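Peer 1: Have a look at this one before I ask anything.
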Amino acid sequence: MKIKEKIEFIDEIRKFNIETEYIIVKPNWVSNKFGEYTEPEIIDWLFESFPKQKKIVIESYTPWRGLNGTKINADLIEGKKFWEDYQNQDREFLKETGNEKILKKHKVEYINITNEVWANRCIEPEIIKKEVNNIKFEEFYGYIPEKIYKLKNKSTLISLAKIKTEEENKKIIVSLSIKNLFGLIPDPKRDKYHRNNDKNIFQAIIDIFKIYTSIFRSTLWINEGIRTLVNHYCTDDQTIEKNKNLLFVGKNPIEVDSGTCWAMGVDPNKILYLK
């Protein structure tokens, strides 16, 4: 659907009658480039949709939220040596984009998954394995912060995704609310899942999706291209479209992502993780 005003956004979100004590929001903060990250205005609208709930934002580090144009291109093991640099990068990102003000305005707690892994504040993998099994990347069992896990029965997990098409990459094609959870893998580089022409990325998306949707019974899935959306993401032909006013939201992630695909002219049957 198309929306133009904050009240329209809030009305759509409130139709789902979410009454959990907490909302845990995964935005899309992959980089600090204009149009590629979830704007503070949209996050502000989402938080205003939940005046009674306590609010948490979750994300992981990436090499692309670079501080002053620099990149830290390290995996989960090597990256710990640059922990302070990643923290500085995150603080600068929040400040430069205006998201810092929104988090303060709504008294939001920000939990960085990579920080929790490096600080050894995650639930024992065997506990998570009891929640969900039959995943390929078993290291994911050890990537769930204790604080998040303890709130699972009081919380609604919200995937707030920026609409991005990347049809040149046949393993992804679009980046929407399900793929957005890929950003909760704490490895900043995530090269293991991208290497060999993105051979393992669809399985990694499925695995992290299985884990989080097994832990959180209450979820909401949002794809938005309200102020900006991205076409031909991560290619030389990348373009940012402004003010398309697009919003897709629902409780069923397959339906939300598939509906978004059709609206963007993409056949969802071609997307491996949706199949």
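Quick note on naming: the chains in the structure tokens go A, B, ... in the order shown, residues restart at 1 in each chain, and ligands are numbered from 1 in order of appearance.
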Give me, as a VMD selection string, all polymer residues having an atom no more than 9 Å from A:Ser177, counting only C-alpha atoms and skipping those fewer than 2 positions away in the same chain.
Peer 2: chain A and resid 159 to 163 175 179 to 181 221 to 223 253 256 to 257
Peer 1: Would you output that residue set with C-alpha atoms, as a PDB file, in the first residue's frame?
Peer 2:
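And here is the file that came out, selection-v9.pdb:
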```
ATOM      1  CA  SER A 159      11.687  -6.827  11.405  1.00  0.00           C
ATOM      2  CA  LEU A 160      11.756  -3.298   9.978  1.00  0.00           C
ATOM      3  CA  ALA A 161      13.304  -3.746   6.535  1.00  0.00           C
ATOM      4  CA  LYS A 162      14.326  -1.256   3.873  1.00  0.00           C
ATOM      5  CA  ILE A 163      13.145  -2.403   0.420  1.00  0.00           C
ATOM      6  CA  SER A 175      16.333  -7.810   0.454  1.00  0.00           C
ATOM      7  CA  LYS A 179      16.511 -11.358   4.730  1.00  0.00           C
ATOM      8  CA  ASN A 180      16.743  -8.469   7.223  1.00  0.00           C
ATOM      9  CA  LEU A 181      17.359 -11.025   9.990  1.00  0.00           C
ATOM     10  CA  TRP A 221       7.154  -8.017   9.466  1.00  0.00           C
ATOM     11  CA  ILE A 222       7.546  -4.663   7.742  1.00  0.00           C
ATOM     12  CA  ASN A 223       8.946  -3.719   4.346  1.00  0.00           C
ATOM     13  CA  PRO A 253       6.600 -13.034   6.757  1.00  0.00           C
ATOM     14  CA  VAL A 256       4.568  -9.881   3.423  1.00  0.00           C
ATOM     15  CA  ASP A 257       7.741 -10.548   1.446  1.00  0.00           C
TER      16      ASP A 257
END
```
Peer 1: Taking only stretch 60-216 of chain A into account, list the residues labelled strand (DSSP E or B) by DSSP (computed from the backbone), as a PyMOL selection string.
Peer 2: chain A and resi 109-112+122+145+155-162+164-166+173-175
Peer 1: Output C-alpha atoms for every residue in that selection, as a PDB file, in the first residue's frame.
Peer 2:
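And here is the file that came out, selection_11.pdb:
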```pdb
ATOM      1  CA  GLU A 109      17.732   0.156  24.772  1.00  0.00           C
ATOM      2  CA  TYR A 110      20.150  -0.734  21.984  1.00  0.00           C
ATOM      3  CA  ILE A 111      21.587  -4.253  22.103  1.00  0.00           C
ATOM      4  CA  ASN A 112      24.341  -5.036  19.635  1.00  0.00           C
ATOM      5  CA  CYS A 122      24.718 -15.354  25.215  1.00  0.00           C
ATOM      6  CA  PRO A 145      21.906 -12.777  23.882  1.00  0.00           C
ATOM      7  CA  SER A 155       8.109  -9.438  23.455  1.00  0.00           C
ATOM      8  CA  THR A 156       7.150  -8.995  19.837  1.00  0.00           C
ATOM      9  CA  LEU A 157      10.019  -9.213  17.368  1.00  0.00           C
ATOM     10  CA  ILE A 158       9.638  -6.638  14.585  1.00  0.00           C
ATOM     11  CA  SER A 159      11.687  -6.827  11.405  1.00  0.00           C
ATOM     12  CA  LEU A 160      11.756  -3.298   9.978  1.00  0.00           C
ATOM     13  CA  ALA A 161      13.304  -3.746   6.535  1.00  0.00           C
ATOM     14  CA  LYS A 162      14.326  -1.256   3.873  1.00  0.00           C
ATOM     15  CA  LYS A 164      16.173  -3.206  -1.739  1.00  0.00           C
ATOM     16  CA  THR A 165      16.190  -4.982  -5.067  1.00  0.00           C
ATOM     17  CA  GLU A 166      19.349  -6.738  -6.208  1.00  0.00           C
ATOM     18  CA  ILE A 173      17.203 -10.909  -5.780  1.00  0.00           C
ATOM     19  CA  VAL A 174      15.482  -8.782  -3.103  1.00  0.00           C
ATOM     20  CA  SER A 175      16.333  -7.810   0.454  1.00  0.00           C
TER      21      SER A 175
END
```
Peer 1: Determine the nearest neighbour of A:Glu138 from the options A:Ile211, A:Ile58, A:Ile240, A:Val117, counting only C-alpha atoms.
Peer 2: A:Ile211
Peer 1: Within stretch 15-243 of chain A, find each residue whose DSSP state, derived from the backbone, is helix (DSSP H, G or I), and express the selection as a ChimeraX atom specification.
Peer 2: /A:40-48,67-69,76-97,99-105,113-118,125-131,138-142,146-150,152-154,179-184,191-198,201-215
Peer 1: Tell me which protein, DNA and RNA residues are within 9 Å of stretch 84-101 of chain A, counting only C-alpha atoms, leaving out same-chain ones fewer than 5 positions away, and put them as a list in words.
Peer 2: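 Skipping anything fewer than 5 positions along the chain leaves Trp29, Ser31, Asn32, Phe34, Tyr37, Glu39, Pro40, Glu41, Ile43, Asp44, Tyr61, Thr62, Pro63, Arg65, Gly66, Leu67, Asn68, Ile72, Gly79, His106 and Asn115 of chain A.
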Peer 1: Report the distance between atom CA of A:Ser60 and atom CA of A:Pro27 in Å, rounded to one decimal place.
Peer 2: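 Computing it gives 10.5 Å between the two atoms.
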Peer 1: Pick out the closest residue to A:Pro51 from this set: A:Pro125, A:Asp75, A:Trp83, A:Arg14. Count only C-alpha atoms.
Peer 2: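 Ranked by minimum distance to A:Pro51, first place goes to A:Arg14.
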Peer 1: Tell me which of A:Glu5, A:Glu131, A:Glu167, A:Glu116 sits closest to A:Ile144, counting only C-alpha atoms.
Peer 2: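 Closest to A:Ile144, using only C-alpha atoms: A:Glu116.
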Peer 1: Take atom CA of A:Lys171 and atom CA of A:Lys251 and report the distance between them in Å, one decimal.
Peer 2: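 Rounded to one decimal, the two atoms are 24.8 Å apart.
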Peer 1: Just the number, please: distance in Å from atom CA of A:Asn196 to atom CA of A:Trp262, one decimal.
Peer 2: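 Atom CA of A:Trp262 lies 28.8 Å from atom CA of A:Asn196.
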Peer 1: Pick out the residues sitting within 10 Å of stretch 6-8 of chain A, and hand them over as a list of chain:residue names; count only C-alpha atoms, and ignore anything fewer than 3 positions along from it in its own chain.
Peer 2: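 Surrounding residues, per the criterion: A:Lys2, A:Ile3, A:Asp11, A:Glu12, A:Ile13, A:Glu41, A:Ile42, A:Asp44, A:Trp45, A:Leu46, A:Glu48, A:Ser49.
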Peer 1: Which residues come within 8 Å of A:Arg217, counting only C-alpha atoms, excluding same-chain residues fewer than 3 positions away, as a VMD selection string?
Peer 2: chain A and resid 152 to 153 156 213 to 214
Peer 1: Quick one: of A:Ala119, A:Lys136, A:Lys4, A:Tyr22, who's nearest to A:Asn243, counting only C-alpha atoms?
Peer 2: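 The closest residue to A:Asn243 is A:Lys4.
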